[in-house]
file work_14.pdb (PDB, C-alpha atoms, pLDDT in the B column)
MODEL        1
ATOM      1  CA  MET Z 275     114.885  89.064 104.546  1.00 94.00           C
ATOM      2  CA  HIS Z 276     115.079  92.456 106.212  1.00 94.00           C
ATOM      3  CA  ILE Z 277     112.571  95.222 105.599  1.00 95.00           C
ATOM      4  CA  LYS Z 278     115.220  97.227 103.723  1.00 96.00           C
ATOM      5  CA  ASP Z 279     115.503  94.391 101.182  1.00 96.00           C
ATOM      6  CA  VAL Z 280     111.719  94.277 100.842  1.00 97.00           C
ATOM      7  CA  GLU Z 281     111.631  98.048 100.279  1.00 97.00           C
ATOM      8  CA  GLN Z 282     114.168  97.752  97.473  1.00 97.00           C
ATOM      9  CA  ARG Z 283     112.489  94.772  95.809  1.00 97.00           C
ATOM     10  CA  THR Z 284     108.926  96.085  95.974  1.00 96.00           C
ATOM     11  CA  GLY Z 285     109.396  99.844  95.706  1.00 96.00           C
ATOM     12  CA  LEU Z 286     107.104 100.243  98.719  1.00 96.00           C
ATOM     13  CA  SER Z 287     108.035 102.460 101.626  1.00 96.00           C
ATOM     14  CA  ARG Z 288     108.769 101.018 105.054  1.00 96.00           C
ATOM     15  CA  ALA Z 289     105.642 102.760 106.348  1.00 97.00           C
ATOM     16  CA  ASN Z 290     103.479 101.100 103.687  1.00 95.00           C
ATOM     17  CA  ILE Z 291     104.950  97.671 104.401  1.00 96.00           C
ATOM     18  CA  ARG Z 292     104.281  98.041 108.115  1.00 95.00           C
ATOM     19  CA  TYR Z 293     100.777  99.334 107.410  1.00 92.00           C
ATOM     20  CA  TYR Z 294      99.994  96.259 105.320  1.00 91.00           C
ATOM     21  CA  GLU Z 295     101.289  94.147 108.183  1.00 92.00           C
ATOM     22  CA  GLN Z 296      99.005  95.984 110.631  1.00 90.00           C
ATOM     23  CA  GLU Z 297      96.096  95.342 108.283  1.00 86.00           C
ATOM     24  CA  GLY Z 298      96.894  91.622 108.393  1.00 86.00           C
ATOM     25  CA  LEU Z 299      97.883  91.318 104.744  1.00 87.00           C
ATOM     26  CA  VAL Z 300     101.415  90.054 105.470  1.00 91.00           C
ATOM     27  CA  HIS Z 301     102.733  88.135 108.452  1.00 93.00           C
ATOM     28  CA  PRO Z 302     106.520  88.291 108.685  1.00 96.00           C
ATOM     29  CA  ALA Z 303     108.193  86.054 111.237  1.00 96.00           C
ATOM     30  CA  ARG Z 304     110.183  87.620 114.047  1.00 95.00           C
ATOM     31  CA  ARG Z 305     113.819  86.870 114.714  1.00 95.00           C
ATOM     32  CA  LYS Z 306     115.149  86.407 118.243  1.00 95.00           C
ATOM     33  CA  ASN Z 307     116.188  90.064 118.262  1.00 94.00           C
ATOM     34  CA  GLY Z 308     112.622  91.130 117.377  1.00 91.00           C
ATOM     35  CA  TYR Z 309     113.392  92.146 113.794  1.00 93.00           C
ATOM     36  CA  ARG Z 310     110.910  91.199 111.111  1.00 94.00           C
ATOM     37  CA  ASP Z 311     111.978  88.396 108.797  1.00 96.00           C
ATOM     38  CA  TYR Z 312     110.083  88.587 105.507  1.00 97.00           C
ATOM     39  CA  SER Z 313     109.674  85.375 103.530  1.00 96.00           C
ATOM     40  CA  PRO Z 314     109.511  85.002  99.748  1.00 96.00           C
ATOM     41  CA  ASP Z 315     105.737  84.567 100.190  1.00 94.00           C
ATOM     42  CA  ASP Z 316     105.520  87.891 102.047  1.00 94.00           C
ATOM     43  CA  LEU Z 317     107.463  89.542  99.221  1.00 95.00           C
ATOM     44  CA  GLU Z 318     105.130  88.050  96.613  1.00 93.00           C
ATOM     45  CA  THR Z 319     102.075  89.201  98.554  1.00 91.00           C
ATOM     46  CA  LEU Z 320     103.433  92.745  98.778  1.00 93.00           C
ATOM     47  CA  LEU Z 321     104.144  92.797  95.048  1.00 94.00           C
ATOM     48  CA  ARG Z 322     100.560  91.716  94.379  1.00 89.00           C
ATOM     49  CA  ILE Z 323      99.225  94.374  96.738  1.00 89.00           C
ATOM     50  CA  ARG Z 324     101.353  97.000  94.956  1.00 92.00           C
ATOM     51  CA  LEU Z 325      99.943  95.908  91.601  1.00 90.00           C
ATOM     52  CA  LEU Z 326      96.366  95.933  92.873  1.00 86.00           C
ATOM     53  CA  ARG Z 327      96.814  99.389  94.412  1.00 87.00           C
ATOM     54  CA  ARG Z 328      98.204 100.684  91.101  1.00 90.00           C
ATOM     55  CA  LEU Z 329      95.026  99.354  89.498  1.00 86.00           C
ATOM     56  CA  ASP Z 330      93.019 101.345  92.087  1.00 84.00           C
ATOM     57  CA  VAL Z 331      91.671  98.262  93.845  1.00 81.00           C
ATOM     58  CA  GLU Z 332      90.459  99.202  97.329  1.00 79.00           C
ATOM     59  CA  LEU Z 333      92.659  98.045 100.187  1.00 74.00           C
ATOM     60  CA  ALA Z 334      89.770  96.113 101.723  1.00 72.00           C
ATOM     61  CA  LYS Z 335      89.658  93.993  98.569  1.00 68.00           C
ATOM     62  CA  CYS Z 336      93.447  93.511  98.443  1.00 66.00           C
ATOM     63  CA  GLY Z 337      93.363  91.130 101.373  1.00 64.00           C
ATOM     64  CA  LEU Z 338      91.244  88.694  99.427  1.00 62.00           C
ATOM     65  CA  ALA Z 339      92.834  89.303  96.042  1.00 58.00           C
ATOM     66  CA  ALA Z 340      96.364  88.909  97.408  1.00 53.00           C
ATOM     67  CA  LEU Z 341      95.519  85.350  98.435  1.00 57.00           C
ATOM     68  CA  PHE Z 342      94.938  84.218  94.872  1.00 55.00           C
ATOM     69  CA  ASP Z 343      97.895  82.426  93.374  1.00 51.00           C
ATOM     70  CA  GLY Z 344      97.052  83.187  89.771  1.00 49.00           C
ATOM     71  CA  ALA Z 345      95.037  80.002  89.277  1.00 38.00           C
TER      72      ALA Z 345
ENDMDL
END
call {"tool": "encode", "arguments": {"input": "work_14.pdb", "output": "structure tokens"}}
result
Amino acid sequence: MHIKDVEQRTGLSRANIRYYEQEGLVHPARRKNGYRDYSPDDLETLLRIRLLRRLDVELAKCGLAALFDGA
């Protein structure tokens, strides 16, 4: 899915999404044209990061917390 779709579904800005990618928290695939292709797993990770940030969890801890699958 395109970054615009991810923006709409998560409520995060494009800049935030790219920042989280730079920090290694999400790893979207690249299409042949170079565009990012976000997977459902990337979307879920970003939603978890958004929740953790709203709970004032430090970004450094989000990388570990975002890996948990609720188990």
call {"tool": "closest_residue", "arguments": {"input": "work_14.pdb", "among": "Z:Arg288, Z:Arg283, Z:His301, Z:Lys278", "to": "Asp315 of chain Z", "atoms": "all atoms listed in the file"}}
result
Z:His301
call {"tool": "resolve_selection", "arguments": {"input": "work_14.pdb", "expression": "the PyMOL selection byres ((chain Z and resi 319) around 8)", "output": "list in words"}}
result
Leu299, Val300, Asp315, Asp316, Leu317, Glu318, Leu320, Leu321, Arg322, Ile323, Ala340 and Leu341 of chain Z
call {"tool": "resolve_selection", "arguments": {"input": "work_14.pdb", "expression": "the PyMOL selection byres ((chain Z and resi 310) around 12)", "output": "mmCIF file with C-alpha atoms, keeping the file's coordinate frame"}}
result
data_model
loop_
_atom_site.group_PDB
_atom_site.id
_atom_site.type_symbol
_atom_site.label_atom_id
_atom_site.label_comp_id
_atom_site.auth_asym_id
_atom_site.auth_seq_id
_atom_site.Cartn_x
_atom_site.Cartn_y
_atom_site.Cartn_z
ATOM 1 C CA MET Z 275 114.885 89.064 104.546
ATOM 2 C CA HIS Z 276 115.079 92.456 106.212
ATOM 3 C CA ILE Z 277 112.571 95.222 105.599
ATOM 4 C CA LYS Z 278 115.220 97.227 103.723
ATOM 5 C CA ASP Z 279 115.503 94.391 101.182
ATOM 6 C CA VAL Z 280 111.719 94.277 100.842
ATOM 7 C CA ARG Z 288 108.769 101.018 105.054
ATOM 8 C CA ILE Z 291 104.950 97.671 104.401
ATOM 9 C CA ARG Z 292 104.281 98.041 108.115
ATOM 10 C CA GLU Z 295 101.289 94.147 108.183
ATOM 11 C CA VAL Z 300 101.415 90.054 105.470
ATOM 12 C CA HIS Z 301 102.733 88.135 108.452
ATOM 13 C CA PRO Z 302 106.520 88.291 108.685
ATOM 14 C CA ALA Z 303 108.193 86.054 111.237
ATOM 15 C CA ARG Z 304 110.183 87.620 114.047
ATOM 16 C CA ARG Z 305 113.819 86.870 114.714
ATOM 17 C CA LYS Z 306 115.149 86.407 118.243
ATOM 18 C CA ASN Z 307 116.188 90.064 118.262
ATOM 19 C CA GLY Z 308 112.622 91.130 117.377
ATOM 20 C CA TYR Z 309 113.392 92.146 113.794
ATOM 21 C CA ASP Z 311 111.978 88.396 108.797
ATOM 22 C CA TYR Z 312 110.083 88.587 105.507
ATOM 23 C CA SER Z 313 109.674 85.375 103.530
ATOM 24 C CA ASP Z 316 105.520 87.891 102.047
#
call {"tool": "atom_distance", "arguments": {"input": "work_14.pdb", "atom1": "atom CA of Gln282 of chain Z", "atom2": "atom CA of Glu332 of chain Z"}}
result
23.8 Å
call {"tool": "atom_distance", "arguments": {"input": "work_14.pdb", "atom1": "atom CA of Gln296 of chain Z", "atom2": "atom CA of Glu281 of chain Z"}}
result
16.5 Å
call {"tool": "axis_aligned_box", "arguments": {"input": "work_14.pdb", "around": "segment 284-301 of chain Z", "padding_each_side": "3 Å", "output": "AutoDock Vina command-line options"}}
result
--center_x 102.7 --center_y 95.4 --center_z 103.2 --size_x 19.3 --size_y 20.6 --size_z 20.9
call {"tool": "atom_distance", "arguments": {"input": "work_14.pdb", "atom1": "atom CA of Gly285 of chain Z", "atom2": "atom CA of Arg324 of chain Z"}}
result
8.6 Å
call {"tool": "build_atoms", "arguments": {"input": "work_14.pdb", "residues": "segment 294-309 of chain Z", "atoms": "N, CA and C atoms", "output": "JSON list (two decimals), in the frame of the given file"}}
result
[["chain", "number", "residue", "atom", "x", "y", "z"],
["Z", 294, "TYR", "N", 100.59, 97.48, 105.85],
["Z", 294, "TYR", "CA", 99.99, 96.26, 105.32],
["Z", 294, "TYR", "C", 100.12, 95.12, 106.32],
["Z", 295, "GLU", "N", 101.16, 95.14, 107.11],
["Z", 295, "GLU", "CA", 101.29, 94.15, 108.18],
["Z", 295, "GLU", "C", 100.22, 94.39, 109.25],
["Z", 296, "GLN", "N", 100.03, 95.65, 109.64],
["Z", 296, "GLN", "CA", 99.00, 95.98, 110.63],
["Z", 296, "GLN", "C", 97.61, 95.59, 110.16],
["Z", 297, "GLU", "N", 97.39, 95.70, 108.86],
["Z", 297, "GLU", "CA", 96.10, 95.34, 108.28],
["Z", 297, "GLU", "C", 95.93, 93.83, 108.13],
["Z", 298, "GLY", "N", 96.97, 93.07, 108.45],
["Z", 298, "GLY", "CA", 96.89, 91.62, 108.39],
["Z", 298, "GLY", "C", 97.10, 91.03, 107.01],
["Z", 299, "LEU", "N", 97.69, 91.80, 106.11],
["Z", 299, "LEU", "CA", 97.88, 91.32, 104.74],
["Z", 299, "LEU", "C", 99.19, 90.54, 104.58],
["Z", 300, "VAL", "N", 100.17, 90.82, 105.44],
["Z", 300, "VAL", "CA", 101.42, 90.05, 105.47],
["Z", 300, "VAL", "C", 101.73, 89.72, 106.92],
["Z", 301, "HIS", "N", 102.44, 88.62, 107.10],
["Z", 301, "HIS", "CA", 102.73, 88.14, 108.45],
["Z", 301, "HIS", "C", 104.19, 87.70, 108.56],
["Z", 302, "PRO", "N", 105.11, 88.67, 108.60],
["Z", 302, "PRO", "CA", 106.52, 88.29, 108.68],
["Z", 302, "PRO", "C", 106.83, 87.64, 110.03],
["Z", 303, "ALA", "N", 107.74, 86.69, 110.00],
["Z", 303, "ALA", "CA", 108.19, 86.05, 111.24],
["Z", 303, "ALA", "C", 109.05, 87.06, 112.00],
["Z", 304, "ARG", "N", 109.30, 86.77, 113.24],
["Z", 304, "ARG", "CA", 110.18, 87.62, 114.05],
["Z", 304, "ARG", "C", 111.43, 86.83, 114.42],
["Z", 305, "ARG", "N", 112.55, 87.47, 114.30],
["Z", 305, "ARG", "CA", 113.82, 86.87, 114.71],
["Z", 305, "ARG", "C", 113.95, 86.99, 116.23],
["Z", 306, "LYS", "N", 114.93, 86.35, 116.79],
["Z", 306, "LYS", "CA", 115.15, 86.41, 118.24],
["Z", 306, "LYS", "C", 115.35, 87.83, 118.73],
["Z", 307, "ASN", "N", 115.94, 88.68, 117.88],
["Z", 307, "ASN", "CA", 116.19, 90.06, 118.26],
["Z", 307, "ASN", "C", 114.97, 90.96, 118.04],
["Z", 308, "GLY", "N", 113.86, 90.37, 117.58],
["Z", 308, "GLY", "CA", 112.62, 91.13, 117.38],
["Z", 308, "GLY", "C", 112.45, 91.70, 115.99],
["Z", 309, "TYR", "N", 113.48, 91.62, 115.16],
["Z", 309, "TYR", "CA", 113.39, 92.15, 113.79],
["Z", 309, "TYR", "C", 112.45, 91.28, 112.96]]
